[in-house]
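Working notes, structure below.
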Amino acid sequence: MEDVIKVEGLTKVFNGSLTAVDHVDFSVHQGEIFGFLGPNGAGKTTTIHMLTTVLKPTEGSGYVCEHSIKEEPNEVRYCIGVVPQEYTADEDLTGIENILLCADLYGIPRSESKKRAKELLELVELSQFANKKVQTYSGGMRRRLELACGLINRPRVLFLDEPTLGLDVQTRAATWNYIKRLKEQFDMTIFMTTHYLEEADNLCDRIAIIDHGKIIKLDTPDALKESLGGDILTVATKEDDDDVSGVISKIPRVKEVKKQDSTYRVKVELGEETAPSILSALMKQGITITKLSLSKPTLDEVYLEYTGKTIREEEGTDMRLQRMFGRRAR
Amino acid sequence: MTQENHNSKSMFHGFWALTNRDLKKWYKEPVLLFMSIIQPILWMGLFGKAMNLGAIFTNNPIQLPPQLLSSFTPEQLTLLGNYFKSLSGAIMQNTFGVNDYFSFMAVGMLSFVVVFTAMFSGMSIVWDRRLGFLNKALSTPVARGAIIMSKVLNSVLRSLIQAAIVVMLAWLLGMQFSASFTPLNLLVAFAALFLMCLGLSSLFLAIAIRSTRWETQMAVVNLLNLPLIFTSNALFPTNFMPDWLQTISRINPITYGTDAVRQMLILSPIDFGKLGMDFAFLGGFALLFAGVGIILSIRYLSR
C-alpha cells in the first residue's frame, strides 16, 4: 500500500524545554482515515501543524505526498487541505467570499474557483447561505464552511483537527457522514485528531493513541479492542451459594472469572462462540441461568488500559496546561 | 477529486486577495472609516484652531504701561505699530514658513493619520494569529512575504485614503495652499506619504510578527504614538527644539514626510535640495523596513 504520510522521529520542542511531540513514527496509507486519539495537550495539534508546514519540526523527518515537510514545504502545501480546529472563516465576509479567498491563496484561477466553490457549497449543503455573512452561521454551518475551504484545492490528503469539537450530537453525526463520503467518493486520505472515543471508533481505519507527545499504541480500532484480551460475559445464576467459578474457568477460551454475589464476570475470547459452551456446561451442573449478557470492549477501556486513566479524568488536569501551551503554540 | 492542479505558481498569488480581505472590512463599514478620521478632524478643528499663533501678534490689544507710552510721540507710536505688524508677519513666516499656524499643523495632521494607521497595522496580524487564520494561510502555498506585505498594502491604502479626506477637510477649514500649488504637487505629496506609511507599517508589522497578545501591541502603540509625533516637525518646527531633540527629529521619518508634504502643499518657494533629501530618506526608510518585514516573515511566521 502506498504511504501518503510517512513520519520518522518527528519531534517538536517549544522554547527549548517543552516537548510537545516526542519522536513519533507512523505512516498513513492512501485512502485511509487515520486518527490521532488523545487528551487535550497530548501533541495532536502540534503534529498536524508540523505536517501542514505551519510549524517547523525540531527533529525527525516527515513526508507528505512524497515531499519533505522540511525541505519542500511548498510542494506539500499544494497537495494538502487543512481544516483547523478554530473557526477561521472571516465573519465579515460571506460564505462564498471565504471560499474564494481560500482559492486565491492556492492561486486557483477565478473561473475555476467559482465553479469549485459552487460544487463545494452544495457538498456541504450551504448553497442557500452562500451570500450570507459568516457571522450569521451556526457552529455546524461554520464547520462545514471550513471543510469546504479545506477542499478547494482538491487535496490528496485532508487534515482535520478536532472536526466535531463543540458540536451537538446531531451535527456531529452529520459531520461524520461528510467525512465518510469524502473517503468513499474521492478515495481521499484523511488524517484527523480527536479526543472523542466514539468519533475515533466510528470513523478511523487506524488509530494512534497519543499521550504526552508519544504514540502509545497504533492499530485498527478492532485490534485495539481485541488487544485487551477479549469480551466480557456476565452470567447471573439462581443458586447463589454454589460457586461455579471452577466449572466456568475450565471451559476453553475463558481467561478470567470473577464472582460477585450470584453474578459472574467472565473475560473470554470470542465471546459469541464461547457463550453457548458456558451455558451448556452450567446446565449440565444443574445450575439455572437467569441472565446472560455479552459486552464487547470499547475504546474507553482500551484508552484506560494503555494510558492508565480514563480520557475524561485526563481532560480536567490537562486543560490548564493546554491553555498555557496552546497560547505558545499559536 | 484528486487530480493535477493547474494553479498559479506566481509569487504574488493571494497577495491582492489577502489585502482585499482586510480592506473589505473597512470599506463595507463606513462607520469604521469615519471613526479613523475623527481624531485628526478633532485635532485640526480644536487644537489647530485654538492654537491660533498668528493672532498673538495681530489680534491682541496689549495694555502698555503709561510711562512707556509717554516717551513716544503719537507719530512714533504709529510707526512702531506698523513696524511690529510687519515684524509679526515675518516672525510667522520665518517660524512656520506660512502666515498661519493652522495650515502648518493641518499638514502635520496628514502625517498623524498615516502614523496612527500604520501603528495599528500590527494589530491585525495578532488577531489573525489568535483566530487561527494565520495558521490556515501558512498551510497554503501563498508566499510568506505576501502575508505580511498584504497587511502593509492594506495599511498604506487606508492611510492614503484617510489623508485625502483630511486634506479636503483641512481645505474646508481654511488651510492656505501655496501660490505655486498644482494638482501635480498633491501627487508628489502623496508619494511622500506613501513611502512614509510603507516604512512605518512594515516596521510595526515586524514588531508584531511573533506576538500573540494584542495587549502588547496596544501598549507599543500607546507608548510610541505621541513621542513619534512630538519628536518630529508635525506640530512645531524643529529648529527651536533643544539639540538633543533636534537630533532625534533628524532620524524620525515623520520629519521628512511632513516636510515633503509641506513643501508641496503650502510652502513657497519650494526648496528642492531639501525636498530631494526628504525623498531620499523616506525611500531608504521604506525600502529598508519593507525588506526587513519580508525577511522576518519568511524566517519567523512559521516556527
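By order of appearance in the C-alpha cells: chains A, B, ..., then residues from 1 within every chain, and ligands from 1 in the order shown.
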
message: Set the distance at 12 Å and use only C-alpha atoms: which residues neighbour stretch 194-196 of chain B once local chain neighbours fewer than 2 positions away are removed? I'd like the list as a PyMOL selection string.
response: chain B and resi 110-119+152-161+163-164+187-192+198-203+252-261+278-290

- request: Run DSSP on the backbone and give me the residues of stretch 132-282 of chain A it puts in strand (DSSP E or B), as number ranges by chain.
  value: A: 133, 157-161, 189-194, 206-211, 214-219, 231-237, 254-260, 263-268

- prompt: Any idea which chain A residues end up within 6 Å of chain B if we count only C-alpha atoms, as number ranges by chain please?
  reply: A: 52-56, 74, 77, 86, 88, 104-108, 154, 156, 186

message: Could you list, as a VMD selection string, every residue within 7 Å of A:Cys204, counting only C-alpha atoms and ignoring same-chain residues fewer than 5 positions away?
response: chain A and resid 33 to 35

task: Would you please extract all alpha helix (DSSP H) residues from stretch 80-247 of chain B, as assigned by DSSP on the backbone, and give them as an MDAnalysis selection string?
output: chainID B and resid 80:96 101:131 133:138 144:173 183:208 214:230 243:247

- prompt: Closest to B:Gly89 among B:Ile298, B:Ala106, B:Ala50, B:Ala55, using only C-alpha atoms?
  reply: B:Ala55

Å distance separating atom CA of B:Gly97 from atom CA of B:Arg262, one decimal place: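 Computing the Euclidean distance for atom CA of B:Gly97 and atom CA of B:Arg262 yields 9.2 Å.
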
task: Please measure the separation of atom CA of A:Glu122 and atom CA of A:Thr171, giving the value in Å to one decimal.
output: 16.9 Å

- line: Min atom-atom distance to A:Arg142 from the set A:Ser277, A:Gln185, A:Gln85, A:Gln170, counting only C-alpha atoms, belongs to A:Gln85

- line: Between atom CA of B:Ser180 and atom CA of B:Gly48 lies a distance of 23.7 Å

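Every protein or nucleic acid residue with an atom no more than 6 Å from stretch 241-255 of chain A, counting only C-alpha atoms and leaving out same-chain residues fewer than 4 positions away, appears here: A:Lys267, A:Val268, A:Glu269.
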
- request: Give me the residues within 6 Å of A:Gly213 as a ChimeraX atom specification, counting only C-alpha atoms and dropping any in the same chain fewer than 4 places off.
  value: /A:20-22,42-43

Residues near B:Met218, cut-off 12 Å, only C-alpha atoms, skip fewer than 2 positions along chain, as an mmCIF file with N, CA and C atoms, in the first residue's frame:
data_model
loop_
_atom_site.group_PDB
_atom_site.id
_atom_site.type_symbol
_atom_site.label_atom_id
_atom_site.label_comp_id
_atom_site.auth_asym_id
_atom_site.auth_seq_id
_atom_site.Cartn_x
_atom_site.Cartn_y
_atom_site.Cartn_z
ATOM 1 N N PHE B 116 -0.823 56.856 12.747
ATOM 2 C CA PHE B 116 -1.788 56.069 13.521
ATOM 3 C C PHE B 116 -2.235 54.826 12.781
ATOM 4 N N MET B 119 0.560 52.278 12.747
ATOM 5 C CA MET B 119 0.799 51.651 14.043
ATOM 6 C C MET B 119 -0.168 50.513 14.306
ATOM 7 N N PHE B 120 -1.413 50.711 13.850
ATOM 8 C CA PHE B 120 -2.403 49.674 14.129
ATOM 9 C C PHE B 120 -2.337 48.518 13.131
ATOM 10 N N SER B 121 -1.473 48.640 12.133
ATOM 11 C CA SER B 121 -1.370 47.541 11.164
ATOM 12 C C SER B 121 -0.900 46.270 11.848
ATOM 13 N N GLY B 122 -0.087 46.423 12.889
ATOM 14 C CA GLY B 122 0.397 45.249 13.611
ATOM 15 C C GLY B 122 -0.717 44.480 14.296
ATOM 16 N N MET B 123 -1.768 45.199 14.682
ATOM 17 C CA MET B 123 -2.861 44.552 15.415
ATOM 18 C C MET B 123 -3.521 43.445 14.599
ATOM 19 N N SER B 124 -3.671 43.684 13.308
ATOM 20 C CA SER B 124 -4.479 42.736 12.540
ATOM 21 C C SER B 124 -3.756 41.403 12.385
ATOM 22 N N VAL B 126 -1.867 40.123 14.694
ATOM 23 C CA VAL B 126 -2.038 39.475 16.001
ATOM 24 C C VAL B 126 -3.404 38.789 16.056
ATOM 25 N N PHE B 204 6.013 48.319 12.102
ATOM 26 C CA PHE B 204 5.122 47.871 13.177
ATOM 27 C C PHE B 204 4.651 46.437 12.965
ATOM 28 N N ILE B 207 7.369 44.251 14.296
ATOM 29 C CA ILE B 207 7.314 44.160 15.762
ATOM 30 C C ILE B 207 6.263 43.125 16.180
ATOM 31 N N ALA B 208 5.157 43.075 15.420
ATOM 32 C CA ALA B 208 4.023 42.234 15.828
ATOM 33 C C ALA B 208 4.118 40.802 15.326
ATOM 34 N N SER B 211 4.042 38.114 17.885
ATOM 35 C CA SER B 211 3.251 38.391 19.081
ATOM 36 C C SER B 211 1.916 37.667 19.031
ATOM 37 N N ARG B 213 -0.296 38.500 21.609
ATOM 38 C CA ARG B 213 -1.131 39.295 22.513
ATOM 39 C C ARG B 213 -1.382 40.665 21.919
ATOM 40 N N TRP B 214 -2.648 40.997 21.704
ATOM 41 C CA TRP B 214 -2.918 42.316 21.155
ATOM 42 C C TRP B 214 -2.689 43.388 22.208
ATOM 43 N N GLU B 215 -2.725 42.990 23.501
ATOM 44 C CA GLU B 215 -2.455 43.949 24.574
ATOM 45 C C GLU B 215 -1.054 44.548 24.421
ATOM 46 N N THR B 216 -0.099 43.679 24.060
ATOM 47 C CA THR B 216 1.273 44.148 23.875
ATOM 48 C C THR B 216 1.322 45.181 22.758
ATOM 49 N N VAL B 220 2.511 49.099 22.854
ATOM 50 C CA VAL B 220 3.532 49.662 21.973
ATOM 51 C C VAL B 220 2.987 50.909 21.278
ATOM 52 N N VAL B 221 1.760 50.795 20.770
ATOM 53 C CA VAL B 221 1.152 51.927 20.065
ATOM 54 C C VAL B 221 1.000 53.127 20.993
ATOM 55 N N ASN B 222 0.497 52.844 22.193
ATOM 56 C CA ASN B 222 0.290 53.938 23.145
ATOM 57 C C ASN B 222 1.594 54.578 23.586
ATOM 58 N N LEU B 223 2.620 53.749 23.686
ATOM 59 C CA LEU B 223 3.916 54.253 24.133
ATOM 60 C C LEU B 223 4.543 55.131 23.058
ATOM 61 N N LEU B 224 4.360 54.756 21.801
ATOM 62 C CA LEU B 224 5.140 55.393 20.747
ATOM 63 C C LEU B 224 4.424 56.503 19.992
ATOM 64 N N ASN B 225 3.071 56.524 20.028
ATOM 65 C CA ASN B 225 2.416 57.440 19.082
ATOM 66 C C ASN B 225 2.750 58.910 19.322
#
